[in-house]
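Trainee: This is my_file_14.txt, which holds compact mmCIF, C-alpha atoms and all ligand atoms:
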# COMPACT_ATOMS: atom_id res chain seq x y z
CA LYS A 1 -17.99 34.03 -24.63
CA LEU A 2 -18.99 31.20 -22.32
CA PRO A 3 -22.36 31.33 -20.57
CA ILE A 4 -22.20 31.85 -16.81
CA VAL A 5 -24.20 29.83 -14.31
CA ALA A 6 -24.54 31.36 -10.84
CA ILE A 7 -24.92 29.12 -7.80
CA ILE A 8 -27.09 30.80 -5.17
CA GLY A 9 -28.31 29.82 -1.73
CA ARG A 10 -27.98 30.12 2.02
CA PRO A 11 -24.72 29.25 3.72
CA ASN A 12 -24.06 25.55 4.31
CA VAL A 13 -26.53 24.14 1.80
CA GLY A 14 -23.64 22.73 -0.25
CA LYS A 15 -23.04 25.35 -2.94
CA SER A 16 -19.27 24.93 -2.99
CA THR A 17 -19.54 21.14 -2.99
CA LEU A 18 -21.90 21.32 -5.96
CA VAL A 19 -19.56 23.71 -7.77
CA ASN A 20 -16.73 21.24 -7.27
CA ARG A 21 -18.92 18.46 -8.60
CA LEU A 22 -19.94 20.44 -11.70
CA ALA A 23 -16.42 21.70 -12.39
CA GLY A 24 -14.94 18.28 -11.65
CA GLN A 25 -12.13 19.65 -9.53
CA GLN A 26 -11.56 20.64 -5.93
CA SER A 27 -11.25 24.35 -6.53
CA ALA A 28 -14.05 25.88 -4.54
CA ILE A 29 -13.47 26.05 -0.81
CA VAL A 30 -15.70 23.75 1.19
CA HIS A 31 -15.98 24.43 4.89
CA ASP A 32 -17.97 22.80 7.65
CA GLU A 33 -18.69 26.11 9.31
CA PRO A 34 -20.53 29.03 7.75
CA GLY A 35 -18.41 32.16 7.70
CA VAL A 36 -15.66 31.41 5.23
CA THR A 37 -15.10 34.44 3.03
CA ARG A 38 -13.78 33.96 -0.46
CA ASP A 39 -13.58 35.73 -3.77
CA ARG A 40 -15.90 34.95 -6.60
CA THR A 41 -14.22 32.42 -8.84
CA TYR A 42 -15.32 31.24 -12.25
CA LEU A 43 -14.66 27.59 -13.00
CA PRO A 44 -15.05 25.95 -16.39
CA ALA A 45 -17.57 23.09 -16.44
CA TYR A 46 -18.86 20.77 -19.15
CA TRP A 47 -22.00 18.83 -19.82
CA GLY A 48 -21.87 16.81 -23.00
CA ASP A 49 -20.45 19.13 -25.63
CA ARG A 50 -21.57 22.25 -23.76
CA GLU A 51 -19.11 24.38 -21.84
CA TYR A 52 -20.05 27.03 -19.31
CA LEU A 53 -18.57 28.85 -16.35
CA VAL A 54 -19.88 28.13 -12.89
CA VAL A 55 -19.63 30.79 -10.20
CA ASP A 56 -20.09 30.25 -6.46
CA THR A 57 -21.82 33.30 -5.03
CA GLY A 58 -21.47 32.35 -1.37
CA GLY A 59 -18.56 34.61 -0.50
CA LEU A 60 -20.07 36.48 2.39
CA VAL A 61 -21.92 34.71 5.15
CA PHE A 62 -23.06 35.54 8.65
CA ASN A 63 -24.60 33.41 11.34
CA ASP A 64 -27.43 35.84 11.93
CA GLU A 65 -30.04 35.29 9.22
CA THR A 66 -31.23 38.90 9.36
CA GLU A 67 -27.72 40.00 8.43
CA PHE A 68 -26.86 37.48 5.79
CA LEU A 69 -30.00 37.68 3.70
CA PRO A 70 -29.35 41.19 2.31
CA LEU A 71 -25.75 40.18 1.65
CA ILE A 72 -26.73 37.05 -0.24
CA ARG A 73 -29.06 39.21 -2.32
CA GLN A 74 -26.29 41.72 -2.98
CA GLN A 75 -23.81 39.02 -4.03
CA ALA A 76 -26.45 37.23 -6.04
CA SER A 77 -27.53 40.44 -7.81
CA LEU A 78 -24.02 41.03 -9.04
CA ALA A 79 -23.69 37.44 -10.23
CA LEU A 80 -27.12 37.37 -11.87
CA LYS A 81 -26.37 40.47 -13.96
CA GLU A 82 -23.91 38.47 -16.02
CA ALA A 83 -25.46 35.00 -15.69
CA SER A 84 -27.39 33.05 -18.32
CA ALA A 85 -28.98 30.88 -15.64
CA ALA A 86 -28.91 30.33 -11.90
CA ILE A 87 -29.06 27.25 -9.72
CA PHE A 88 -30.74 27.92 -6.39
CA VAL A 89 -29.47 25.37 -3.88
CA VAL A 90 -31.47 24.34 -0.81
CA ASP A 91 -30.83 21.73 1.90
CA GLY A 92 -33.04 18.68 1.46
CA GLN A 93 -32.03 17.22 4.81
CA LEU A 94 -32.87 20.36 6.76
CA GLY A 95 -36.00 21.07 4.73
CA LEU A 96 -37.57 24.35 3.67
CA THR A 97 -36.58 27.42 5.71
CA SER A 98 -37.93 30.97 5.81
CA ALA A 99 -34.61 32.18 4.39
CA ASP A 100 -35.14 29.91 1.37
CA GLU A 101 -38.61 31.42 0.94
CA GLU A 102 -37.21 34.95 1.01
CA ILE A 103 -34.46 34.19 -1.50
CA ALA A 104 -36.99 32.40 -3.73
CA GLU A 105 -39.36 35.35 -3.61
CA TRP A 106 -36.54 37.60 -4.75
CA LEU A 107 -35.40 35.14 -7.43
CA ARG A 108 -38.93 34.95 -8.88
CA GLN A 109 -38.67 38.67 -9.61
CA GLN A 110 -35.47 38.23 -11.63
CA THR A 111 -35.49 37.63 -15.37
CA VAL A 112 -32.77 34.96 -15.44
CA PRO A 113 -33.98 31.33 -15.52
CA VAL A 114 -33.64 29.64 -12.13
CA LEU A 115 -33.29 25.91 -11.49
CA LEU A 116 -33.97 24.54 -8.04
CA ALA A 117 -31.48 21.99 -6.65
CA VAL A 118 -32.50 20.19 -3.46
CA ASN A 119 -29.09 19.10 -2.22
CA LYS A 120 -28.00 16.44 0.30
CA CYS A 121 -30.38 13.88 -1.22
CA GLU A 122 -28.09 10.85 -1.24
CA SER A 123 -30.96 8.39 -1.58
CA PRO A 124 -32.99 8.79 -4.79
CA GLU A 125 -36.13 7.39 -3.11
CA GLN A 126 -35.91 9.68 -0.09
CA GLY A 127 -34.87 12.48 -2.41
CA LEU A 128 -38.27 12.48 -4.07
CA VAL A 129 -39.89 12.98 -0.66
CA GLN A 130 -37.29 15.54 0.46
CA ALA A 131 -37.70 17.54 -2.75
CA ALA A 132 -41.52 17.58 -2.77
CA GLU A 133 -42.03 20.40 -0.25
CA PHE A 134 -39.86 22.73 -2.34
CA TRP A 135 -42.49 22.88 -5.09
CA GLN A 136 -44.11 25.57 -2.94
CA LEU A 137 -41.19 27.94 -3.63
CA GLY A 138 -42.80 28.59 -7.02
CA LEU A 139 -39.61 27.99 -8.99
CA GLY A 140 -40.78 24.92 -10.88
CA GLU A 141 -39.53 21.36 -10.48
CA PRO A 142 -37.21 20.73 -7.52
CA PHE A 143 -34.28 18.51 -8.60
CA ALA A 144 -33.10 16.15 -5.86
CA VAL A 145 -29.29 16.02 -6.02
CA SER A 146 -26.26 15.11 -3.96
CA GLY A 147 -23.24 17.29 -4.51
CA ILE A 148 -21.16 14.83 -2.53
CA HIS A 149 -22.18 11.67 -4.38
CA GLY A 150 -23.26 13.20 -7.66
CA ASN A 151 -26.64 11.56 -8.01
CA GLY A 152 -29.37 13.63 -9.62
CA THR A 153 -26.96 16.13 -11.12
CA GLY A 154 -27.41 14.66 -14.63
CA GLU A 155 -31.11 15.50 -14.70
CA LEU A 156 -30.35 18.97 -13.37
CA LEU A 157 -27.69 19.59 -16.05
CA ASP A 158 -29.89 18.21 -18.87
CA GLU A 159 -32.40 20.91 -17.94
CA LEU A 160 -29.75 23.58 -17.34
CA ILE A 161 -28.25 23.41 -20.84
CA ASN A 162 -31.70 24.12 -22.32
CA HIS A 163 -31.30 27.61 -20.83
CA LEU A 164 -27.73 28.36 -21.92
P1 LIG B 201 -21.89 26.21 1.13
O1 LIG B 201 -21.71 27.01 2.38
O2 LIG B 201 -23.29 26.37 0.60
O3 LIG B 201 -20.86 26.50 0.08
O4 LIG B 201 -21.77 24.66 1.55
P2 LIG B 201 -20.50 23.69 1.47
O5 LIG B 201 -20.33 23.14 0.10
O6 LIG B 201 -19.33 24.35 2.10
O7 LIG B 201 -21.03 22.49 2.38
C1 LIG B 201 -21.53 22.72 3.67
C2 LIG B 201 -21.62 21.41 4.44
O8 LIG B 201 -22.60 20.56 3.83
C3 LIG B 201 -20.32 20.62 4.45
O9 LIG B 201 -20.21 19.99 5.71
C4 LIG B 201 -20.53 19.60 3.35
O10 LIG B 201 -19.77 18.42 3.56
C5 LIG B 201 -22.01 19.32 3.46
N1 LIG B 201 -22.58 18.88 2.15
C6 LIG B 201 -22.42 19.49 0.96
N2 LIG B 201 -23.02 18.78 -0.03
C7 LIG B 201 -23.59 17.70 0.57
C8 LIG B 201 -24.36 16.58 0.08
O11 LIG B 201 -24.63 16.43 -1.11
N3 LIG B 201 -24.78 15.69 1.01
C9 LIG B 201 -24.49 15.81 2.34
N4 LIG B 201 -24.97 14.86 3.15
N5 LIG B 201 -23.77 16.83 2.83
C10 LIG B 201 -23.32 17.78 1.96
MG MG B 202 -19.43 27.75 -0.02
Can I see the file as structure tokens?
Ligand code: GDP
Ligand code: MG
Mentor:
Amino acid sequence: KLPIVAIIGRPNVGKSTLVNRLAGQQSAIVHDEPGVTRDRTYLPAYWGDREYLVVDTGGLVFNDETEFLPLIRQQASLALKEASAAIFVVDGQLGLTSADEEIAEWLRQQTVPVLLAVNKCESPEQGLVQAAEFWQLGLGEPFAVSGIHGNGTGELLDELINHL
């Protein structure tokens, strides 16, 4: 049975793009606007000789933060039940938001290991700066990555497979 890695985070942070990057195929739906509803899909992904399934948990999104937070938690709870690890994705260009803090607080109470991916960091130098503020989420080292360009994902995956 392959280990499952759940991708969690607010709408529009780049979860689906990262899933596509990890799975190496354009299977997750990427949309410019929040609000695209989709089923949970499990995509096979590899890192070295390790295989796992990556699942995008962002199926239900709303524009009103007070509405979408409980729904993200609900979706994420279901995914975390069966997951060996989770990747919490945040937006490094937008910076830390209160929604990120709320999701992080909830994630810290879960037993599954959580890795923090600070996405949209196309420049490695700027990425270090963009990622720094996310240390305060209390989820350990923030990994600066770009789902679009792929930089930083190697370091993230090296750490991920330690938890699978
Ligand atoms: P999701 O709602 O979290 O699944 O986010 P999506 O993957 O659908 O992406 C939301 C928006 O962010 C789209 O316009 C993407 O093109 C953009 N995006 C995703 N990843 C990156 C990235 O690494 N860098 C930049 N600059 N934009 C990104
Ligand atoms: Mg998505």
Trainee: Leaving out Lys15 (chain A) and any residue of its chain fewer than 3 positions from it, which residues lie within 10 Å of it when counting all atoms listed in the file, given as a PDB file with C-alpha atoms, keeping the file's coordinate frame?
Mentor:
ATOM      1  CA  ILE A   7     -24.920  29.120  -7.800  1.00  0.00           C
ATOM      2  CA  ILE A   8     -27.090  30.800  -5.170  1.00  0.00           C
ATOM      3  CA  GLY A   9     -28.310  29.820  -1.730  1.00  0.00           C
ATOM      4  CA  ARG A  10     -27.980  30.120   2.020  1.00  0.00           C
ATOM      5  CA  PRO A  11     -24.720  29.250   3.720  1.00  0.00           C
ATOM      6  CA  ASN A  12     -24.060  25.550   4.310  1.00  0.00           C
ATOM      7  CA  LEU A  18     -21.900  21.320  -5.960  1.00  0.00           C
ATOM      8  CA  VAL A  19     -19.560  23.710  -7.770  1.00  0.00           C
ATOM      9  CA  ASN A  20     -16.730  21.240  -7.270  1.00  0.00           C
ATOM     10  CA  ARG A  21     -18.920  18.460  -8.600  1.00  0.00           C
ATOM     11  CA  ALA A  28     -14.050  25.880  -4.540  1.00  0.00           C
ATOM     12  CA  ILE A  29     -13.470  26.050  -0.810  1.00  0.00           C
ATOM     13  CA  VAL A  30     -15.700  23.750   1.190  1.00  0.00           C
ATOM     14  CA  VAL A  55     -19.630  30.790 -10.200  1.00  0.00           C
ATOM     15  CA  ASP A  56     -20.090  30.250  -6.460  1.00  0.00           C
ATOM     16  CA  THR A  57     -21.820  33.300  -5.030  1.00  0.00           C
ATOM     17  CA  GLY A  58     -21.470  32.350  -1.370  1.00  0.00           C
ATOM     18  CA  ILE A  87     -29.060  27.250  -9.720  1.00  0.00           C
ATOM     19  CA  PHE A  88     -30.740  27.920  -6.390  1.00  0.00           C
ATOM     20  CA  VAL A  89     -29.470  25.370  -3.880  1.00  0.00           C
ATOM     21  CA  VAL A  90     -31.470  24.340  -0.810  1.00  0.00           C
ATOM     22  CA  ASP A  91     -30.830  21.730   1.900  1.00  0.00           C
ATOM     23  CA  ALA A 117     -31.480  21.990  -6.650  1.00  0.00           C
ATOM     24  CA  ASN A 119     -29.090  19.100  -2.220  1.00  0.00           C
ATOM     25  CA  GLY A 147     -23.240  17.290  -4.510  1.00  0.00           C
TER      26      GLY A 147
END
Trainee: Separation of CA of Glu82 (chain A) and CA of Asp100 (chain A), in Å?
Mentor: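 Between these atoms lies a distance of 22.4 Å.
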Trainee: May I ask for the distance between CA of Pro124 (chain A) and atom C3 of ligand LIG 201 (chain B), given in Å to one decimal place?
Mentor: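 Straight-line distance from CA of Pro124 (chain A) to atom C3 of ligand LIG 201 (chain B) works out to 19.6 Å.
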Trainee: From the set A:Gly14, A:Gly24, A:Gly138, A:Gly48, which residue has the shortest atom-to-atom contact distance to ligand MG 202 (chain B), counting only C-alpha atoms and all ligand atoms?
Mentor: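 Among the listed residues, A:Gly14 lies closest to ligand MG 202 (chain B).
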Trainee: How many Å separate CA of Asn162 (chain A) from atom O10 of ligand LIG 201 (chain B)?
Mentor: 29.1 Å
Trainee: Nearest to ligand MG 202 (chain B): which of A:Pro3, A:Ile148, A:Ile161, A:Thr17 is it, counting only C-alpha atoms and all ligand atoms?
Mentor: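 Residue with the minimum atom-to-atom distance to ligand MG 202 (chain B): A:Thr17.
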Trainee: Counting only C-alpha atoms and all ligand atoms, which of A:Ser16, A:Ser123, A:Arg73, A:Leu96 gets nearest to ligand MG 202 (chain B)?
Mentor: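 Counting only C-alpha atoms and all ligand atoms, the residue closest to ligand MG 202 (chain B) is A:Ser16.
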Trainee: Taking all atoms listed in the file into account, name the residue in A:Ala6, A:Ala104, A:Val13, A:Leu80 that is nearest to ligand LIG 201 (chain B).
Mentor: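 The shortest atom-to-atom distance to ligand LIG 201 (chain B) comes from A:Val13.
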Trainee: Which is closest to Val129 (chain A) among A:Asp158, A:Val112, A:Gly95, A:Glu102, if we use all atoms listed in the file?
Mentor: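 Counting all atoms listed in the file, the residue closest to Val129 (chain A) is A:Gly95.
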Trainee: Which is closer to Val114 (chain A) than all the others in A:Ser77, A:Ser84, A:Gln93, A:Gln130, using only C-alpha atoms?
Mentor: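 That would be A:Ser84, the residue with the smallest distance to Val114 (chain A).
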Trainee: How about completing region 44-59 of chain A with N, CA and C atoms and giving it to me as a compact mmCIF listing (two decimals), in the frame of the given file?
Mentor:
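In the end it all went to out.txt:
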# COMPACT_ATOMS: atom_id res chain seq x y z
N PRO A 44 -14.48 26.56 -15.20
CA PRO A 44 -15.05 25.95 -16.39
C PRO A 44 -15.69 24.61 -16.05
N ALA A 45 -16.85 24.35 -16.66
CA ALA A 45 -17.57 23.09 -16.44
C ALA A 45 -18.15 22.63 -17.77
N TYR A 46 -18.35 21.34 -17.90
CA TYR A 46 -18.86 20.77 -19.15
C TYR A 46 -20.05 19.88 -18.87
N TRP A 47 -20.96 19.86 -19.83
CA TRP A 47 -22.00 18.83 -19.82
C TRP A 47 -22.22 18.42 -21.27
N GLY A 48 -21.85 17.21 -21.60
CA GLY A 48 -21.87 16.81 -23.00
C GLY A 48 -20.88 17.68 -23.76
N ASP A 49 -21.34 18.27 -24.85
CA ASP A 49 -20.45 19.13 -25.63
C ASP A 49 -20.63 20.61 -25.26
N ARG A 50 -21.34 20.88 -24.16
CA ARG A 50 -21.57 22.25 -23.76
C ARG A 50 -20.58 22.66 -22.68
N GLU A 51 -20.00 23.84 -22.87
CA GLU A 51 -19.11 24.38 -21.84
C GLU A 51 -19.72 25.64 -21.26
N TYR A 52 -19.56 25.82 -19.99
CA TYR A 52 -20.05 27.03 -19.31
C TYR A 52 -19.13 27.34 -18.15
N LEU A 53 -19.34 28.49 -17.54
CA LEU A 53 -18.57 28.85 -16.35
C LEU A 53 -19.51 28.82 -15.15
N VAL A 54 -19.06 28.18 -14.09
CA VAL A 54 -19.88 28.13 -12.89
C VAL A 54 -19.27 29.05 -11.84
N VAL A 55 -20.11 29.84 -11.20
CA VAL A 55 -19.63 30.79 -10.20
C VAL A 55 -20.37 30.59 -8.88
N ASP A 56 -19.58 30.43 -7.82
CA ASP A 56 -20.09 30.25 -6.46
C ASP A 56 -20.31 31.63 -5.86
N THR A 57 -21.53 31.95 -5.51
CA THR A 57 -21.82 33.30 -5.03
C THR A 57 -21.77 33.41 -3.50
N GLY A 58 -21.36 32.34 -2.83
CA GLY A 58 -21.47 32.35 -1.37
C GLY A 58 -20.30 32.95 -0.64
N GLY A 59 -19.78 34.07 -1.09
CA GLY A 59 -18.56 34.61 -0.50
C GLY A 59 -18.73 35.22 0.87
